[in-house]
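Right, one structure below, let's go through it.
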Amino acid sequence: MKTFDISGIDKTWTLFLDRDGVINKRLHGDYVKNVSEFEFLPGVLDALKTFSEVFGKIIVVTNQQGIGKGIYSAAQLNEIHAHMVQQVHAAGGRMDAVFFAPNLASENSPLRKPGIGMALQAKAQFPEIDFGRSLMIGDSISDLEFGRTAGMRTMYVYHDERLPAAHHALCDREIHSLSEAAALLQAVR
């Protein structure tokens with residue numbers, strides 16, 4: 001596992017975030033299908049406020065194959081994301097865009113992480129994004145592969161288990177939560 005000097009992160013940097021298990025509680029064996037099932041993880045709203053002061057752009061990139069499975073619709077997902085963004089704004093933070101891949105894992109779509117289709121969508125919408133000055137925070141190997149393939153720095157959010165040694169090359173730092181990442185950034189300011 002490599003580390004990088006986070007003191008150089010400033011408004012020229014973009015933060016890419018996974019959603020389930022990073023921003024909100026993951027429903028194991030299920031999907032967040034409506035606003036009532038969406039619950040922010042502890043400290044996330046405060047962390048996003050800090051990130052809003054540090055990063056020039058904050059982009060959410062999330063695989064949502066529940067759409068492809070017919071479990072919920074894109075309209076339902078858009079309601080969840082509108083609620084998420086509104087709550088973040090109300091707490092003093094921001095999210096500049098939310099991209100999702102509705103594809104089934106079996107489709108091997110380049111849009112779906114670990115493919116970098118959502119990163120390319122973000123760059124098309126915000127041409128100033130420089131992947132070399134971007135950080136991806138996620139809780140899965142596919143999140144880290146997404147970040148590395150696009151040329152980003154990466155942080156792995158671990159829950160119960162640390163990142164397996166075989167995947168250390170994909171990760172610059174392990175953290176337990178977005179709150180920990182925010183505290184690290186505040187410490188170097």
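Chain lettering (A, B, ...) mirrors the order of the structure tokens, residue numbering begins at 1 for each chain separately, and ligand numbering begins at 1 in order of display.
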Spatial neighbours of A:Thr14, max dist 12 Å, only C-alpha atoms, sep filter under 3 positions, as a PyMOL selection string: chain A and resi 9-11+17+51-60+95-97+119+122-123+126-137+147+152-154
Writing out the chosen residues with N, CA, C and O atoms as a short mmCIF file (atom, residue, chain, number, x, y, z; two decimals), in the first residue's frame:
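This went into again.cif:
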```cif
data_model
loop_
_atom_site.label_atom_id
_atom_site.label_comp_id
_atom_site.auth_asym_id
_atom_site.auth_seq_id
_atom_site.Cartn_x
_atom_site.Cartn_y
_atom_site.Cartn_z
N ILE A 9 -3.77 18.44 -1.45
CA ILE A 9 -5.14 18.48 -1.97
C ILE A 9 -5.73 19.86 -1.77
O ILE A 9 -5.67 20.42 -0.66
N ASP A 10 -6.28 20.42 -2.84
CA ASP A 10 -6.88 21.75 -2.76
C ASP A 10 -8.05 21.82 -3.74
O ASP A 10 -8.52 20.79 -4.24
N LYS A 11 -8.52 23.01 -4.04
CA LYS A 11 -9.71 23.19 -4.88
C LYS A 11 -9.50 22.75 -6.33
O LYS A 11 -10.46 22.67 -7.09
N LEU A 17 -16.73 9.62 -4.91
CA LEU A 17 -17.20 8.80 -3.81
C LEU A 17 -18.13 7.70 -4.29
O LEU A 17 -19.03 7.95 -5.09
N PHE A 51 -15.24 18.20 3.13
CA PHE A 51 -14.80 17.96 1.75
C PHE A 51 -15.18 19.11 0.84
O PHE A 51 -14.44 19.46 -0.08
N SER A 52 -16.34 19.72 1.08
CA SER A 52 -16.81 20.83 0.24
C SER A 52 -15.90 22.04 0.36
O SER A 52 -15.80 22.84 -0.58
N GLU A 53 -15.24 22.16 1.50
CA GLU A 53 -14.30 23.27 1.71
C GLU A 53 -12.94 23.00 1.09
O GLU A 53 -12.18 23.91 0.82
N VAL A 54 -12.63 21.71 0.86
CA VAL A 54 -11.30 21.31 0.39
C VAL A 54 -11.26 21.06 -1.12
O VAL A 54 -10.36 21.54 -1.80
N PHE A 55 -12.23 20.30 -1.64
CA PHE A 55 -12.21 19.86 -3.04
C PHE A 55 -12.99 20.81 -3.94
O PHE A 55 -14.01 21.36 -3.55
N GLY A 56 -12.52 20.93 -5.18
CA GLY A 56 -13.22 21.75 -6.17
C GLY A 56 -14.51 21.10 -6.65
O GLY A 56 -15.50 21.79 -6.90
N LYS A 57 -14.50 19.79 -6.77
CA LYS A 57 -15.69 19.04 -7.21
C LYS A 57 -15.84 17.80 -6.34
O LYS A 57 -14.84 17.17 -5.95
N ILE A 58 -17.11 17.43 -6.09
CA ILE A 58 -17.43 16.19 -5.39
C ILE A 58 -18.44 15.44 -6.25
O ILE A 58 -19.52 15.95 -6.55
N ILE A 59 -18.04 14.23 -6.67
CA ILE A 59 -18.82 13.43 -7.60
C ILE A 59 -19.12 12.07 -6.97
O ILE A 59 -18.20 11.40 -6.48
N VAL A 60 -20.36 11.65 -7.01
CA VAL A 60 -20.74 10.32 -6.55
C VAL A 60 -20.85 9.40 -7.76
O VAL A 60 -21.45 9.77 -8.77
N MET A 95 -22.70 18.19 -3.28
CA MET A 95 -22.36 17.15 -4.24
C MET A 95 -22.59 17.78 -5.60
O MET A 95 -23.68 18.28 -5.86
N ASP A 96 -21.59 17.77 -6.44
CA ASP A 96 -21.71 18.45 -7.72
C ASP A 96 -22.43 17.61 -8.77
O ASP A 96 -23.03 18.17 -9.68
N ALA A 97 -22.35 16.29 -8.64
CA ALA A 97 -23.04 15.41 -9.57
C ALA A 97 -23.09 14.00 -9.00
O ALA A 97 -22.25 13.62 -8.19
N ALA A 119 -16.50 7.96 -14.65
CA ALA A 119 -15.44 8.99 -14.56
C ALA A 119 -15.42 9.81 -15.85
O ALA A 119 -15.28 11.04 -15.82
N ALA A 122 -18.27 12.20 -15.90
CA ALA A 122 -17.97 13.35 -15.04
C ALA A 122 -17.05 14.34 -15.75
O ALA A 122 -17.27 15.55 -15.72
N LYS A 123 -16.03 13.81 -16.42
CA LYS A 123 -15.09 14.67 -17.15
C LYS A 123 -15.78 15.39 -18.31
O LYS A 123 -15.48 16.56 -18.59
N PHE A 126 -17.71 18.12 -16.57
CA PHE A 126 -16.80 19.08 -15.92
C PHE A 126 -15.41 18.91 -16.53
O PHE A 126 -14.57 18.20 -15.97
N PRO A 127 -15.14 19.54 -17.68
CA PRO A 127 -13.86 19.32 -18.38
C PRO A 127 -12.63 19.68 -17.54
O PRO A 127 -11.53 19.19 -17.84
N GLU A 128 -12.80 20.47 -16.51
CA GLU A 128 -11.66 20.85 -15.67
C GLU A 128 -11.17 19.72 -14.77
O GLU A 128 -10.09 19.81 -14.17
N ILE A 129 -11.92 18.63 -14.67
CA ILE A 129 -11.48 17.51 -13.85
C ILE A 129 -10.20 16.92 -14.42
O ILE A 129 -10.09 16.66 -15.61
N ASP A 130 -9.23 16.75 -13.53
CA ASP A 130 -7.94 16.13 -13.87
C ASP A 130 -7.87 14.85 -13.03
O ASP A 130 -7.81 14.92 -11.80
N PHE A 131 -7.89 13.70 -13.67
CA PHE A 131 -7.88 12.45 -12.92
C PHE A 131 -6.60 12.29 -12.09
O PHE A 131 -6.60 11.62 -11.07
N GLY A 132 -5.52 12.92 -12.53
CA GLY A 132 -4.28 12.90 -11.76
C GLY A 132 -4.36 13.73 -10.49
O GLY A 132 -3.50 13.62 -9.62
N ARG A 133 -5.39 14.57 -10.40
CA ARG A 133 -5.64 15.37 -9.20
C ARG A 133 -7.04 15.01 -8.68
O ARG A 133 -7.86 15.88 -8.41
N SER A 134 -7.29 13.71 -8.61
CA SER A 134 -8.57 13.20 -8.13
C SER A 134 -8.33 12.10 -7.12
O SER A 134 -7.32 11.39 -7.18
N LEU A 135 -9.28 11.97 -6.21
CA LEU A 135 -9.24 10.94 -5.17
C LEU A 135 -10.54 10.17 -5.22
O LEU A 135 -11.62 10.76 -5.24
N MET A 136 -10.45 8.84 -5.26
CA MET A 136 -11.60 7.95 -5.21
C MET A 136 -11.64 7.30 -3.84
O MET A 136 -10.65 6.71 -3.41
N ILE A 137 -12.79 7.42 -3.15
CA ILE A 137 -12.98 6.74 -1.88
C ILE A 137 -14.11 5.75 -2.05
O ILE A 137 -15.23 6.11 -2.42
N GLY A 147 -10.67 3.77 -9.66
CA GLY A 147 -9.80 4.90 -9.41
C GLY A 147 -8.43 4.74 -10.06
O GLY A 147 -7.94 5.64 -10.73
N MET A 152 -6.38 7.93 -10.68
CA MET A 152 -6.66 8.65 -9.43
C MET A 152 -5.89 8.05 -8.25
O MET A 152 -5.42 6.92 -8.30
N ARG A 153 -5.83 8.81 -7.17
CA ARG A 153 -5.42 8.31 -5.86
C ARG A 153 -6.64 7.61 -5.28
O ARG A 153 -7.78 7.92 -5.64
N THR A 154 -6.41 6.66 -4.36
CA THR A 154 -7.54 5.91 -3.82
C THR A 154 -7.44 5.74 -2.31
O THR A 154 -6.34 5.65 -1.75
#
```
What parts of stretch 122-151 of chain A does DSSP call helix (DSSP H, G or I)? I'd like the answer as an MDAnalysis selection string. chainID A and resid 122:125 131:133 141:150
Output file for the residues above (C-alpha atoms, as a PDB file, in the first residue's frame):
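Result file selection26.pdb:
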```pdb
ATOM      1  CA  ALA A 122     -17.975  13.354 -15.041  1.00  0.00           C
ATOM      2  CA  LYS A 123     -15.086  14.673 -17.150  1.00  0.00           C
ATOM      3  CA  ALA A 124     -17.475  15.353 -20.047  1.00  0.00           C
ATOM      4  CA  GLN A 125     -19.717  17.386 -17.725  1.00  0.00           C
ATOM      5  CA  PHE A 131      -7.882  12.453 -12.917  1.00  0.00           C
ATOM      6  CA  GLY A 132      -4.277  12.901 -11.764  1.00  0.00           C
ATOM      7  CA  ARG A 133      -5.640  15.366  -9.198  1.00  0.00           C
ATOM      8  CA  ILE A 141     -12.045  -3.648  -4.903  1.00  0.00           C
ATOM      9  CA  SER A 142     -13.978  -2.434  -7.973  1.00  0.00           C
ATOM     10  CA  ASP A 143     -13.954   1.116  -6.528  1.00  0.00           C
ATOM     11  CA  LEU A 144     -10.168   0.957  -6.168  1.00  0.00           C
ATOM     12  CA  GLU A 145      -9.751  -0.518  -9.665  1.00  0.00           C
ATOM     13  CA  PHE A 146     -11.973   2.270 -11.050  1.00  0.00           C
ATOM     14  CA  GLY A 147      -9.796   4.904  -9.410  1.00  0.00           C
ATOM     15  CA  ARG A 148      -6.482   3.350 -10.399  1.00  0.00           C
ATOM     16  CA  THR A 149      -7.532   2.714 -14.018  1.00  0.00           C
ATOM     17  CA  ALA A 150      -8.566   6.378 -14.355  1.00  0.00           C
TER      18      ALA A 150
END
```
Quick one: of A:Val32, A:Phe40, A:Ala182, A:Val61, who's nearest to A:Gln121, counting only C-alpha atoms?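 Comparing A:Val32, A:Phe40, A:Ala182, A:Val61 against A:Gln121, the winner is A:Val61.
All residues of protein, DNA or RNA that reach within 12 Å of A:Leu45, judged by only C-alpha atoms and not counting those fewer than 6 positions away in the chain, are Val22, Ile23, Asn24, Glu39, Phe51, Ser52, Met84, Val85, Gln86, Gln87, Val88, His89, Ala90, Ala91, Gly92, Gly93, Arg94, Met95, Ser177, Leu178, Ser179 and Ala182 of chain A.
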Now that the selection is made, can you save its residues with all heavy atoms as a compact mmCIF listing (two decimals), in the first residue's frame?
```txt
# COMPACT_ATOMS: atom_id res chain seq x y z
N VAL A 22 -20.37 3.70 1.96
CA VAL A 22 -19.45 4.82 2.12
C VAL A 22 -20.21 6.06 2.60
O VAL A 22 -19.86 6.68 3.60
CB VAL A 22 -18.69 5.11 0.81
CG1 VAL A 22 -17.82 6.34 0.92
CG2 VAL A 22 -17.85 3.89 0.41
N ILE A 23 -21.28 6.39 1.89
CA ILE A 23 -22.13 7.54 2.24
C ILE A 23 -23.31 7.08 3.10
O ILE A 23 -23.64 7.70 4.10
CB ILE A 23 -22.63 8.26 0.97
CG1 ILE A 23 -21.44 8.89 0.23
CG2 ILE A 23 -23.69 9.31 1.31
CD1 ILE A 23 -21.79 9.45 -1.14
N ASN A 24 -23.92 6.00 2.69
CA ASN A 24 -25.11 5.50 3.40
C ASN A 24 -24.92 4.04 3.80
O ASN A 24 -24.04 3.35 3.28
CB ASN A 24 -26.36 5.63 2.52
CG ASN A 24 -26.26 4.83 1.24
OD1 ASN A 24 -25.58 5.25 0.28
ND2 ASN A 24 -26.90 3.67 1.19
N GLU A 39 -30.14 5.74 4.64
CA GLU A 39 -29.70 6.26 5.94
C GLU A 39 -28.21 6.60 5.86
O GLU A 39 -27.37 5.74 5.59
CB GLU A 39 -29.94 5.21 7.03
CG GLU A 39 -29.57 5.67 8.41
CD GLU A 39 -29.81 4.62 9.48
OE1 GLU A 39 -30.51 3.62 9.21
OE2 GLU A 39 -29.29 4.80 10.58
N PHE A 51 -15.24 18.20 3.13
CA PHE A 51 -14.80 17.96 1.75
C PHE A 51 -15.18 19.11 0.84
O PHE A 51 -14.44 19.46 -0.08
CB PHE A 51 -15.40 16.66 1.20
CG PHE A 51 -14.98 15.40 1.92
CD1 PHE A 51 -15.84 14.31 1.96
CD2 PHE A 51 -13.75 15.29 2.55
CE1 PHE A 51 -15.48 13.14 2.61
CE2 PHE A 51 -13.37 14.12 3.21
CZ PHE A 51 -14.24 13.05 3.23
N SER A 52 -16.34 19.72 1.08
CA SER A 52 -16.81 20.83 0.24
C SER A 52 -15.90 22.04 0.36
O SER A 52 -15.80 22.84 -0.58
CB SER A 52 -18.24 21.20 0.63
OG SER A 52 -19.11 20.12 0.37
N MET A 84 -30.68 12.68 -1.04
CA MET A 84 -29.31 12.66 -0.54
C MET A 84 -28.65 14.03 -0.74
O MET A 84 -28.09 14.60 0.21
CB MET A 84 -28.52 11.57 -1.26
CG MET A 84 -27.05 11.52 -0.92
SD MET A 84 -26.17 10.20 -1.84
CE MET A 84 -26.19 10.85 -3.52
N VAL A 85 -28.73 14.56 -1.94
CA VAL A 85 -28.10 15.85 -2.26
C VAL A 85 -28.71 16.97 -1.43
O VAL A 85 -28.00 17.83 -0.90
CB VAL A 85 -28.19 16.13 -3.78
CG1 VAL A 85 -27.77 17.57 -4.10
CG2 VAL A 85 -27.35 15.13 -4.56
N GLN A 86 -30.04 16.95 -1.27
CA GLN A 86 -30.72 17.98 -0.48
C GLN A 86 -30.26 17.94 0.98
O GLN A 86 -30.00 18.99 1.58
CB GLN A 86 -32.24 17.79 -0.58
CG GLN A 86 -33.06 18.90 0.05
CD GLN A 86 -33.23 18.75 1.56
OE1 GLN A 86 -33.33 17.65 2.09
NE2 GLN A 86 -33.26 19.88 2.25
N GLN A 87 -30.13 16.76 1.53
CA GLN A 87 -29.68 16.63 2.93
C GLN A 87 -28.23 17.10 3.09
O GLN A 87 -27.90 17.73 4.09
CB GLN A 87 -29.82 15.17 3.40
CG GLN A 87 -31.26 14.69 3.51
CD GLN A 87 -32.03 15.47 4.57
OE1 GLN A 87 -31.61 15.58 5.71
NE2 GLN A 87 -33.16 16.04 4.16
N VAL A 88 -27.41 16.80 2.12
CA VAL A 88 -26.02 17.24 2.15
C VAL A 88 -25.96 18.77 2.09
O VAL A 88 -25.24 19.40 2.88
CB VAL A 88 -25.20 16.60 0.99
CG1 VAL A 88 -23.84 17.27 0.84
CG2 VAL A 88 -25.06 15.10 1.23
N HIS A 89 -26.73 19.37 1.21
CA HIS A 89 -26.77 20.84 1.11
C HIS A 89 -27.29 21.46 2.40
O HIS A 89 -26.75 22.46 2.86
CB HIS A 89 -27.63 21.27 -0.08
CG HIS A 89 -26.94 21.10 -1.39
ND1 HIS A 89 -26.99 22.02 -2.40
CD2 HIS A 89 -26.18 20.09 -1.88
CE1 HIS A 89 -26.30 21.60 -3.44
NE2 HIS A 89 -25.79 20.43 -3.14
N ALA A 90 -28.32 20.88 2.97
CA ALA A 90 -28.89 21.41 4.22
C ALA A 90 -27.88 21.37 5.35
O ALA A 90 -27.93 22.20 6.28
CB ALA A 90 -30.15 20.62 4.61
N ALA A 91 -26.92 20.43 5.29
CA ALA A 91 -25.90 20.31 6.34
C ALA A 91 -24.66 21.14 6.03
O ALA A 91 -23.67 21.08 6.77
CB ALA A 91 -25.52 18.84 6.50
N GLY A 92 -24.70 21.92 4.94
CA GLY A 92 -23.59 22.81 4.62
C GLY A 92 -22.56 22.22 3.67
O GLY A 92 -21.51 22.83 3.44
N GLY A 93 -22.85 21.07 3.08
CA GLY A 93 -21.94 20.45 2.12
C GLY A 93 -22.49 20.55 0.72
O GLY A 93 -23.47 21.25 0.47
N ARG A 94 -21.86 19.83 -0.20
CA ARG A 94 -22.35 19.81 -1.57
C ARG A 94 -21.94 18.52 -2.26
O ARG A 94 -20.99 17.86 -1.86
CB ARG A 94 -21.85 21.01 -2.36
CG ARG A 94 -20.42 20.97 -2.74
CD ARG A 94 -20.03 22.07 -3.74
NE ARG A 94 -18.83 21.71 -4.41
CZ ARG A 94 -17.62 21.70 -3.88
NH1 ARG A 94 -17.44 22.07 -2.64
NH2 ARG A 94 -16.58 21.32 -4.57
N MET A 95 -22.70 18.19 -3.28
CA MET A 95 -22.36 17.15 -4.24
C MET A 95 -22.59 17.78 -5.60
O MET A 95 -23.68 18.28 -5.86
CB MET A 95 -23.26 15.92 -4.06
CG MET A 95 -22.98 15.15 -2.79
SD MET A 95 -24.14 13.76 -2.62
CE MET A 95 -23.31 12.85 -1.33
N SER A 177 -13.83 5.33 7.78
CA SER A 177 -15.04 6.09 7.47
C SER A 177 -14.68 7.38 6.74
O SER A 177 -13.52 7.79 6.73
CB SER A 177 -15.78 6.45 8.77
OG SER A 177 -14.98 7.34 9.53
N LEU A 178 -15.71 8.02 6.19
CA LEU A 178 -15.48 9.35 5.60
C LEU A 178 -15.07 10.35 6.67
O LEU A 178 -14.31 11.28 6.39
CB LEU A 178 -16.74 9.82 4.86
CG LEU A 178 -17.06 9.12 3.54
CD1 LEU A 178 -18.25 9.78 2.86
CD2 LEU A 178 -15.86 9.08 2.60
N SER A 179 -15.55 10.16 7.88
CA SER A 179 -15.15 11.05 8.98
C SER A 179 -13.65 11.00 9.19
O SER A 179 -13.02 12.03 9.45
CB SER A 179 -15.86 10.66 10.28
OG SER A 179 -17.25 10.88 10.17
N ALA A 182 -11.98 12.99 6.46
CA ALA A 182 -12.15 14.43 6.72
C ALA A 182 -11.20 14.90 7.81
O ALA A 182 -10.59 15.97 7.71
CB ALA A 182 -13.61 14.73 7.10
```
Return as a PDB file with N, CA, C and O atoms, in the first residue's frame the full set of residues in stretch 33-133 of chain A whose backbone-based DSSP assignment is strand (DSSP E or B).
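The resulting file, part_37.pdb, is shown below:
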```
ATOM      1  N   PHE A  40     -27.889   7.859   6.096  1.00  0.00           N
ATOM      2  CA  PHE A  40     -26.491   8.281   6.101  1.00  0.00           C
ATOM      3  C   PHE A  40     -25.731   7.546   7.192  1.00  0.00           C
ATOM      4  O   PHE A  40     -26.252   7.320   8.286  1.00  0.00           O
ATOM      5  N   LYS A  57     -14.505  19.788  -6.772  1.00  0.00           N
ATOM      6  CA  LYS A  57     -15.693  19.042  -7.211  1.00  0.00           C
ATOM      7  C   LYS A  57     -15.837  17.800  -6.343  1.00  0.00           C
ATOM      8  O   LYS A  57     -14.844  17.175  -5.950  1.00  0.00           O
ATOM      9  N   ILE A  58     -17.109  17.432  -6.094  1.00  0.00           N
ATOM     10  CA  ILE A  58     -17.435  16.195  -5.388  1.00  0.00           C
ATOM     11  C   ILE A  58     -18.437  15.435  -6.251  1.00  0.00           C
ATOM     12  O   ILE A  58     -19.519  15.948  -6.554  1.00  0.00           O
ATOM     13  N   ILE A  59     -18.045  14.232  -6.666  1.00  0.00           N
ATOM     14  CA  ILE A  59     -18.820  13.428  -7.603  1.00  0.00           C
ATOM     15  C   ILE A  59     -19.116  12.066  -6.971  1.00  0.00           C
ATOM     16  O   ILE A  59     -18.196  11.402  -6.478  1.00  0.00           O
ATOM     17  N   VAL A  60     -20.364  11.648  -7.009  1.00  0.00           N
ATOM     18  CA  VAL A  60     -20.737  10.317  -6.549  1.00  0.00           C
ATOM     19  C   VAL A  60     -20.848   9.396  -7.765  1.00  0.00           C
ATOM     20  O   VAL A  60     -21.453   9.774  -8.769  1.00  0.00           O
ATOM     21  N   VAL A  61     -20.241   8.210  -7.669  1.00  0.00           N
ATOM     22  CA  VAL A  61     -20.291   7.210  -8.736  1.00  0.00           C
ATOM     23  C   VAL A  61     -20.736   5.891  -8.110  1.00  0.00           C
ATOM     24  O   VAL A  61     -20.093   5.380  -7.212  1.00  0.00           O
ATOM     25  N   THR A  62     -21.866   5.376  -8.560  1.00  0.00           N
ATOM     26  CA  THR A  62     -22.451   4.219  -7.894  1.00  0.00           C
ATOM     27  C   THR A  62     -23.014   3.197  -8.872  1.00  0.00           C
ATOM     28  O   THR A  62     -23.740   3.557  -9.793  1.00  0.00           O
ATOM     29  N   ASN A  63     -22.633   1.934  -8.671  1.00  0.00           N
ATOM     30  CA  ASN A  63     -23.232   0.837  -9.427  1.00  0.00           C
ATOM     31  C   ASN A  63     -24.609   0.573  -8.837  1.00  0.00           C
ATOM     32  O   ASN A  63     -24.745   0.442  -7.618  1.00  0.00           O
ATOM     33  N   ALA A  97     -22.351  16.295  -8.637  1.00  0.00           N
ATOM     34  CA  ALA A  97     -23.044  15.410  -9.573  1.00  0.00           C
ATOM     35  C   ALA A  97     -23.089  14.001  -9.002  1.00  0.00           C
ATOM     36  O   ALA A  97     -22.245  13.623  -8.192  1.00  0.00           O
ATOM     37  N   VAL A  98     -24.092  13.257  -9.447  1.00  0.00           N
ATOM     38  CA  VAL A  98     -24.237  11.846  -9.084  1.00  0.00           C
ATOM     39  C   VAL A  98     -24.424  11.070 -10.379  1.00  0.00           C
ATOM     40  O   VAL A  98     -25.330  11.359 -11.162  1.00  0.00           O
ATOM     41  N   PHE A  99     -23.550  10.090 -10.603  1.00  0.00           N
ATOM     42  CA  PHE A  99     -23.639   9.220 -11.772  1.00  0.00           C
ATOM     43  C   PHE A  99     -23.898   7.803 -11.296  1.00  0.00           C
ATOM     44  O   PHE A  99     -23.381   7.384 -10.262  1.00  0.00           O
ATOM     45  N   PHE A 100     -24.714   7.069 -12.062  1.00  0.00           N
ATOM     46  CA  PHE A 100     -24.983   5.682 -11.692  1.00  0.00           C
ATOM     47  C   PHE A 100     -24.953   4.788 -12.920  1.00  0.00           C
ATOM     48  O   PHE A 100     -25.226   5.224 -14.036  1.00  0.00           O
ATOM     49  N   ALA A 101     -24.596   3.527 -12.667  1.00  0.00           N
ATOM     50  CA  ALA A 101     -24.597   2.503 -13.715  1.00  0.00           C
ATOM     51  C   ALA A 101     -25.716   1.523 -13.401  1.00  0.00           C
ATOM     52  O   ALA A 101     -25.648   0.816 -12.402  1.00  0.00           O
TER      53      ALA A 101
END
```
Might you pull out every residue within 9 Å of A:Lys69, with only C-alpha atoms counted and same-chain residues fewer than 3 positions away left off, and present them as a list in words? Gln65, Gly66, Tyr72, Pro102, Asn103 and Leu104 of chain A
File dump, residues just selected, N, CA, C and O atoms, as a CSV table (one decimal), in the first residue's frame:
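part33.csv, freshly written:
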```
chain,number,residue,atom,x,y,z
A,65,GLN,N,-27.2,-2.0,-10.0
A,65,GLN,CA,-27.7,-3.1,-10.8
A,65,GLN,C,-29.1,-3.5,-10.4
A,65,GLN,O,-29.8,-4.2,-11.1
A,66,GLY,N,-29.6,-3.0,-9.3
A,66,GLY,CA,-31.0,-3.3,-8.9
A,66,GLY,C,-32.0,-2.7,-10.0
A,66,GLY,O,-33.1,-3.3,-10.2
A,72,TYR,N,-36.0,-1.9,-8.7
A,72,TYR,CA,-36.4,-0.5,-8.5
A,72,TYR,C,-36.2,0.2,-9.9
A,72,TYR,O,-35.4,-0.3,-10.7
A,102,PRO,N,-26.8,1.5,-14.2
A,102,PRO,CA,-27.9,0.6,-14.0
A,102,PRO,C,-27.7,-0.8,-14.5
A,102,PRO,O,-28.5,-1.7,-14.2
A,103,ASN,N,-26.5,-1.1,-15.1
A,103,ASN,CA,-26.3,-2.3,-15.7
A,103,ASN,C,-26.1,-3.5,-14.8
A,103,ASN,O,-25.6,-3.3,-13.7
A,104,LEU,N,-26.4,-4.7,-15.2
A,104,LEU,CA,-26.1,-5.9,-14.5
A,104,LEU,C,-24.6,-6.2,-14.5
A,104,LEU,O,-24.0,-5.9,-15.5
```
For the atom pair atom CA of A:Val44 and atom CA of A:Pro110, what is the interatomic distance in Å to one decimal place? 28.7 Å
Using only C-alpha atoms: which of A:Cys171, A:Leu120, A:Leu27, A:Ile67 has the shortest distance to A:Ser140: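 Using only C-alpha atoms, A:Ser140 sits closest to A:Cys171.
For the pair atom CA of A:Ile6 and atom CA of A:His168, the separation is 18.1 Å.
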A:Gly151, A:Gly138, A:Asp46, A:Asp172: which is nearest A:Asp20, counting only C-alpha atoms?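 Between A:Gly151, A:Gly138, A:Asp46, A:Asp172, the residue approaching A:Asp20 most closely is A:Gly138.
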